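These notes are about the structure you will find just below.
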Amino acid sequence: MAHVLVTGGAGYIGSHACKALKQAGFTPVVYDNLVTGWKDAVKFGPFEQGDLNDRVRLDQVFAKYQPTAVMHFAALSQVGEAMSQPGRYWANNVGGSLNLIEASVAAGVTDFVFSSTCATYGEHDNVVLDENTPQLPLNAYGASKRAVEDILTDFEAAHGLLSVVFRYFNVAGADPEAEVGEFHRPETHLVPLVLDAIDGKHDSLTIFGTDYDTPDGTCIRDYVHVCDLVDAHVLGLKWLQDGKGSRVFNLGTGTGFSVREVMDKAAVVTGKDVPCNTGARRAGDCTKLVSGSTRAASELGWEPRRSTLETMIHDAWKWHKTGHYEA
Ligand code: UFG
């Protein structure tokens, strides 16, 4: 079976991608430094511990497995942290990705799938966010991902490296079989924090800002189920293997939900109240991020199957109650 190198394969999205790749007949080789990932999440193929900035280690792993493609998830991904520690984002997300891209080219890999973000778009009032929307990121996280997109463009021109770039909206949910799921330490994402508040793992959820220009004053995001998201990655890999060339795709459902709507749905799904309080806006947050593109559906044939808010929270709640990784 063809090997696919999966950087960040011990993390939330990467681990789900490994399951999807294995189900599609590939062998996912996880390359992860375990700074934010979990060894217990590596269940679907071999594990090689290493850092993106360690070129010698990367070259060893490429030589050992001779992957035909790379799926690159490994990144720091917290907007708040990116505001206070931008240097880490440039060094890890940009420097590390450049190193990986150079190692990929040196190893003769031509197919590269990259995990980018709608945070590259920044704030656009009343604009439908599609792949042609100008990328004006508000934070170093989005800026670092946009920079890697630029690197990929240059490496295609110079070295023929082909890439599928996915700009994610907000990823939520978990494997319905709860083999893998979302587990960050510290946790900063809305859905797991809502579930933590519901079962008393912390006192209450703080809503970051209630004075946004939205119907209920809280931020609006486009939530997509992690299993649907990784299905798109497998389709993206096949797209490249079929010789269809480099392409950028938004991955979102086109429907936005406010922070309060997420909390209300979590209360319905779990049958429990969400203890909450209101706080100040979080630096770097956009008012509204909702995809306005159908390109992934029309060109890749992507059909989200689990991305209703109810199913995402249901699957996340199942994982929350049954799943965990050891440190
Ligand atoms: N929020 C709260 N309280 C919390 C946590 C979050 O009110 O305790 C709010 C945020 O302010 C935001 C929304 O819930 O309005 C979603 O926040 P998340 O932290 O879950 O997600 P972000 O939108 O900040 O960022 C996520 C990923 C990024 C990705 C981005 C794209 O972390 O990697 O989605 O929108 F780029």
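Ligands are numbered from 1 in the order shown, residues from 1 within each chain, and chains are lettered A, B, ... in the order they appear in the structure tokens.
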
Q: Would you list the residues that come within 7 Å of ligand 1? Count only C-alpha atoms and all ligand atoms and give the answer as a ChimeraX atom specification.
A: /A:77-79,117-119,142,168-171,188-191,193,205-209,218-221,259,281-282,285,289

Q: Using only C-alpha atoms, determine which residues lie at most 12 Å from Ser291 in chain A, disregarding the query and same-chain residues fewer than 3 positions distant; provide the list as a ChimeraX atom specification.
A: /A:117-119,121,124,126-133,167-170,220-224,249-256,288,294-296

Q. So which one's closest to Val262 in chain A, A:Ile313, A:Val234, A:Glu299, A:Ser246? Using only C-alpha atoms, please.
A. A:Ile313

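Nearest to Lys321 in chain A of all the residues A:Asn277, A:Glu261, A:Ala174, A:Ile101 is A:Ala174, based on only C-alpha atoms.
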
Q) Out of A:Pro137, A:Lys272, A:Glu123, A:Asp203, which residue has the shortest atom-to-atom distance to Val290 in chain A when counting only C-alpha atoms? A)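 So, comparing all the options, the nearest one is A:Glu123.
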
(Q) Let's see if you can do this: from backbone DSSP, list all alpha helix (DSSP H) residues in range 46-275 of chain A, as a ChimeraX atom specification. (A) /A:55-65,79-84,86-89,96-106,140-159,190-198,226-241,259-270

Q.
I need the strand (DSSP E or B) residues of range 97-302 of chain A per DSSP on the backbone, written as a PyMOL selection string.
A. chain A and resi 111-117+129+162-168+170-172+205-208+220-221+223-225+247-251+257-258+276-279+288-289+291

Selection from above, N, CA and C atoms, as a CSV table (one decimal), in the first residue's frame, can you write it?
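Okay, out-v9.csv is ready:
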chain,number,residue,atom,x,y,z
A,111,ASP,N,3.1,15.3,-4.8
A,111,ASP,CA,1.8,15.5,-4.3
A,111,ASP,C,1.8,16.0,-2.9
A,112,PHE,N,1.3,17.2,-2.6
A,112,PHE,CA,1.3,17.8,-1.3
A,112,PHE,C,0.0,18.4,-0.9
A,113,VAL,N,-0.6,17.9,0.2
A,113,VAL,CA,-1.9,18.4,0.6
A,113,VAL,C,-1.6,19.2,1.9
A,114,PHE,N,-2.1,20.5,1.9
A,114,PHE,CA,-1.8,21.4,2.9
A,114,PHE,C,-3.0,21.9,3.7
A,115,SER,N,-2.9,21.9,5.0
A,115,SER,CA,-4.0,22.4,5.9
A,115,SER,C,-3.8,23.9,6.1
A,116,SER,N,-4.6,24.6,5.4
A,116,SER,CA,-4.6,26.1,5.6
A,116,SER,C,-5.9,26.5,6.4
A,117,THR,N,-6.2,27.7,6.4
A,117,THR,CA,-7.3,28.2,7.2
A,117,THR,C,-8.1,29.4,6.7
A,129,LEU,N,-17.1,34.6,1.5
A,129,LEU,CA,-15.7,34.2,1.5
A,129,LEU,C,-15.6,33.0,0.5
A,162,LEU,N,3.1,19.8,-6.7
A,162,LEU,CA,1.7,20.1,-6.9
A,162,LEU,C,1.0,20.0,-5.5
A,163,SER,N,0.1,21.0,-5.3
A,163,SER,CA,-0.5,21.0,-4.0
A,163,SER,C,-2.0,21.2,-4.1
A,164,VAL,N,-2.7,20.6,-3.1
A,164,VAL,CA,-4.1,20.9,-2.8
A,164,VAL,C,-4.1,21.6,-1.5
A,165,VAL,N,-4.6,22.8,-1.4
A,165,VAL,CA,-4.6,23.6,-0.2
A,165,VAL,C,-6.1,23.7,0.3
A,166,PHE,N,-6.3,23.3,1.5
A,166,PHE,CA,-7.6,23.4,2.1
A,166,PHE,C,-7.7,24.5,3.1
A,167,ARG,N,-8.6,25.4,2.9
A,167,ARG,CA,-8.8,26.5,3.9
A,167,ARG,C,-10.0,26.1,4.8
A,168,TYR,N,-9.6,25.7,6.0
A,168,TYR,CA,-10.7,25.2,6.9
A,168,TYR,C,-11.4,26.3,7.5
A,170,ASN,N,-14.3,26.2,10.9
A,170,ASN,CA,-14.1,25.7,12.3
A,170,ASN,C,-14.4,24.2,12.4
A,171,VAL,N,-13.4,23.5,12.7
A,171,VAL,CA,-13.5,22.1,12.8
A,171,VAL,C,-14.0,21.6,14.1
A,172,ALA,N,-14.9,20.7,14.1
A,172,ALA,CA,-15.5,20.2,15.4
A,172,ALA,C,-15.9,18.8,15.2
A,205,LEU,N,-18.2,28.5,31.0
A,205,LEU,CA,-17.7,29.0,29.8
A,205,LEU,C,-17.7,30.5,29.8
A,206,THR,N,-16.6,31.1,29.4
A,206,THR,CA,-16.6,32.6,29.2
A,206,THR,C,-16.9,32.9,27.7
A,207,ILE,N,-18.0,33.6,27.4
A,207,ILE,CA,-18.3,34.1,26.1
A,207,ILE,C,-17.4,35.3,25.8
A,208,PHE,N,-16.5,35.1,24.8
A,208,PHE,CA,-15.6,36.2,24.4
A,208,PHE,C,-16.3,37.3,23.6
A,220,ILE,N,-19.8,34.6,14.9
A,220,ILE,CA,-20.4,33.6,14.1
A,220,ILE,C,-19.3,32.8,13.4
A,221,ARG,N,-19.4,31.5,13.4
A,221,ARG,CA,-18.4,30.6,12.7
A,221,ARG,C,-19.1,29.5,11.9
A,223,TYR,N,-19.0,25.8,11.2
A,223,TYR,CA,-18.5,24.5,11.8
A,223,TYR,C,-18.6,23.4,10.9
A,224,VAL,N,-17.5,22.6,10.7
A,224,VAL,CA,-17.5,21.5,9.8
A,224,VAL,C,-17.0,20.3,10.6
A,225,HIS,N,-17.6,19.1,10.4
A,225,HIS,CA,-17.3,17.9,11.1
A,225,HIS,C,-15.9,17.4,10.7
A,247,ARG,N,-4.7,23.2,-6.6
A,247,ARG,CA,-6.0,23.8,-6.4
A,247,ARG,C,-6.2,24.2,-5.0
A,248,VAL,N,-7.0,25.2,-4.7
A,248,VAL,CA,-7.3,25.7,-3.4
A,248,VAL,C,-8.8,25.4,-3.2
A,249,PHE,N,-9.1,24.9,-2.0
A,249,PHE,CA,-10.6,24.7,-1.7
A,249,PHE,C,-10.9,25.2,-0.3
A,250,ASN,N,-12.0,25.9,-0.1
A,250,ASN,CA,-12.5,26.2,1.2
A,250,ASN,C,-13.2,24.9,1.7
A,251,LEU,N,-13.1,24.7,3.0
A,251,LEU,CA,-13.9,23.6,3.6
A,251,LEU,C,-14.7,24.1,4.7
A,257,PHE,N,-23.0,29.6,12.8
A,257,PHE,CA,-23.6,29.6,14.1
A,257,PHE,C,-22.9,30.5,15.0
A,258,SER,N,-23.7,31.2,15.9
A,258,SER,CA,-23.1,32.1,16.9
A,258,SER,C,-22.6,31.2,18.1
A,276,CYS,N,-22.3,29.6,32.1
A,276,CYS,CA,-21.5,30.6,31.3
A,276,CYS,C,-21.5,31.9,32.0
A,277,ASN,N,-20.5,32.7,31.6
A,277,ASN,CA,-20.4,34.1,31.9
A,277,ASN,C,-19.9,34.9,30.7
A,278,THR,N,-20.0,36.2,30.7
A,278,THR,CA,-19.6,36.9,29.5
A,278,THR,C,-18.3,37.7,29.9
A,279,GLY,N,-17.4,37.7,28.8
A,279,GLY,CA,-16.2,38.4,29.0
A,279,GLY,C,-15.9,39.3,27.8
A,288,LYS,N,-17.3,37.4,11.9
A,288,LYS,CA,-18.0,36.3,11.2
A,288,LYS,C,-17.1,35.6,10.2
A,289,LEU,N,-17.0,34.3,10.2
A,289,LEU,CA,-16.3,33.6,9.2
A,289,LEU,C,-17.1,32.4,8.7
A,291,SER,N,-18.0,30.2,5.0
A,291,SER,CA,-17.6,29.9,3.7
A,291,SER,C,-18.7,30.3,2.7

**Q.** Nearest-residue call for Thr210 in chain A, choices A:Lys238, A:His320, A:Gly96, A:Arg260, using only C-alpha atoms
**A.** A:Arg260

Q) Hey, what's within 9 Å of Ala266 in chain A if we count only C-alpha atoms and toss same-chain stuff fewer than 2 positions away? As a VMD selection string, please? A) chain A and resid 191 194 to 195 198 261 to 264 268 to 274 309 to 310 313 to 314 317

For those residues, write N, CA, C and O atoms to a file as an mmCIF file, in the first residue's frame.
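Contents of result_39.cif, freshly written:
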data_model
loop_
_atom_site.group_PDB
_atom_site.id
_atom_site.type_symbol
_atom_site.label_atom_id
_atom_site.label_comp_id
_atom_site.auth_asym_id
_atom_site.auth_seq_id
_atom_site.Cartn_x
_atom_site.Cartn_y
_atom_site.Cartn_z
ATOM 1 N N VAL A 191 -16.239 24.189 21.182
ATOM 2 C CA VAL A 191 -17.082 23.011 21.449
ATOM 3 C C VAL A 191 -16.548 22.190 22.633
ATOM 4 O O VAL A 191 -17.306 21.900 23.575
ATOM 5 N N VAL A 194 -17.254 24.055 25.844
ATOM 6 C CA VAL A 194 -18.677 24.002 26.234
ATOM 7 C C VAL A 194 -18.960 22.671 26.936
ATOM 8 O O VAL A 194 -19.617 22.622 27.984
ATOM 9 N N LEU A 195 -18.422 21.583 26.375
ATOM 10 C CA LEU A 195 -18.661 20.262 26.973
ATOM 11 C C LEU A 195 -17.965 20.141 28.324
ATOM 12 O O LEU A 195 -18.515 19.538 29.259
ATOM 13 N N ILE A 198 -20.167 21.887 30.764
ATOM 14 C CA ILE A 198 -21.383 21.110 31.045
ATOM 15 C C ILE A 198 -21.110 20.032 32.098
ATOM 16 O O ILE A 198 -21.910 19.824 33.000
ATOM 17 N N GLU A 261 -25.576 30.099 19.895
ATOM 18 C CA GLU A 261 -26.289 28.993 19.229
ATOM 19 C C GLU A 261 -25.589 27.648 19.473
ATOM 20 O O GLU A 261 -26.244 26.616 19.655
ATOM 21 N N VAL A 262 -24.261 27.663 19.490
ATOM 22 C CA VAL A 262 -23.518 26.433 19.789
ATOM 23 C C VAL A 262 -23.831 25.983 21.217
ATOM 24 O O VAL A 262 -24.102 24.795 21.478
ATOM 25 N N MET A 263 -23.832 26.931 22.147
ATOM 26 C CA MET A 263 -24.134 26.579 23.548
ATOM 27 C C MET A 263 -25.555 26.025 23.680
ATOM 28 O O MET A 263 -25.786 25.025 24.382
ATOM 29 N N ASP A 264 -26.493 26.663 23.001
ATOM 30 C CA ASP A 264 -27.894 26.215 23.098
ATOM 31 C C ASP A 264 -28.040 24.794 22.540
ATOM 32 O O ASP A 264 -28.740 23.956 23.112
ATOM 33 N N VAL A 268 -29.172 21.132 24.371
ATOM 34 C CA VAL A 268 -30.212 20.211 23.871
ATOM 35 C C VAL A 268 -29.629 18.803 23.714
ATOM 36 O O VAL A 268 -30.222 17.807 24.163
ATOM 37 N N VAL A 269 -28.456 18.704 23.086
ATOM 38 C CA VAL A 269 -27.874 17.383 22.793
ATOM 39 C C VAL A 269 -27.521 16.636 24.082
ATOM 40 O O VAL A 269 -27.742 15.427 24.201
ATOM 41 N N THR A 270 -26.991 17.357 25.056
ATOM 42 C CA THR A 270 -26.540 16.685 26.287
ATOM 43 C C THR A 270 -27.632 16.649 27.356
ATOM 44 O O THR A 270 -27.511 15.897 28.330
ATOM 45 N N GLY A 271 -28.654 17.476 27.169
ATOM 46 C CA GLY A 271 -29.706 17.553 28.186
ATOM 47 C C GLY A 271 -29.264 18.271 29.447
ATOM 48 O O GLY A 271 -29.879 18.130 30.509
ATOM 49 N N LYS A 272 -28.193 19.059 29.340
ATOM 50 C CA LYS A 272 -27.669 19.745 30.532
ATOM 51 C C LYS A 272 -27.434 21.228 30.230
ATOM 52 O O LYS A 272 -27.133 21.586 29.096
ATOM 53 N N ASP A 273 -27.527 22.049 31.254
ATOM 54 C CA ASP A 273 -27.266 23.482 31.091
ATOM 55 C C ASP A 273 -25.779 23.728 30.866
ATOM 56 O O ASP A 273 -24.930 22.956 31.325
ATOM 57 N N VAL A 274 -25.488 24.844 30.160
ATOM 58 C CA VAL A 274 -24.098 25.258 29.981
ATOM 59 C C VAL A 274 -23.835 26.426 30.922
ATOM 60 O O VAL A 274 -24.307 27.545 30.664
ATOM 61 N N LEU A 309 -24.824 20.833 13.235
ATOM 62 C CA LEU A 309 -24.352 21.199 14.576
ATOM 63 C C LEU A 309 -24.696 20.097 15.570
ATOM 64 O O LEU A 309 -23.888 19.730 16.435
ATOM 65 N N GLU A 310 -25.885 19.539 15.427
ATOM 66 C CA GLU A 310 -26.325 18.488 16.337
ATOM 67 C C GLU A 310 -25.392 17.263 16.284
ATOM 68 O O GLU A 310 -24.971 16.748 17.323
ATOM 69 N N ILE A 313 -21.871 17.997 17.750
ATOM 70 C CA ILE A 313 -21.848 18.035 19.219
ATOM 71 C C ILE A 313 -22.109 16.635 19.787
ATOM 72 O O ILE A 313 -21.473 16.221 20.765
ATOM 73 N N HIS A 314 -22.987 15.891 19.150
ATOM 74 C CA HIS A 314 -23.249 14.511 19.593
ATOM 75 C C HIS A 314 -21.961 13.685 19.572
ATOM 76 O O HIS A 314 -21.622 12.989 20.542
ATOM 77 N N TRP A 317 -19.469 14.874 22.141
ATOM 78 C CA TRP A 317 -19.908 14.501 23.501
ATOM 79 C C TRP A 317 -19.596 13.024 23.760
ATOM 80 O O TRP A 317 -19.146 12.645 24.840
#

Q. Using only C-alpha atoms, which of A:Thr308, A:Thr27, A:Gln85, A:Ser15 sits nearest Ala140 in chain A?
A.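 Among the listed residues, A:Gln85 lies closest to Ala140 in chain A.
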
Q | Val61 in chain A environment, 12 Å, only C-alpha atoms, sequence neighbours closer than 5 positions dropped, as a count of residues only | A | 26
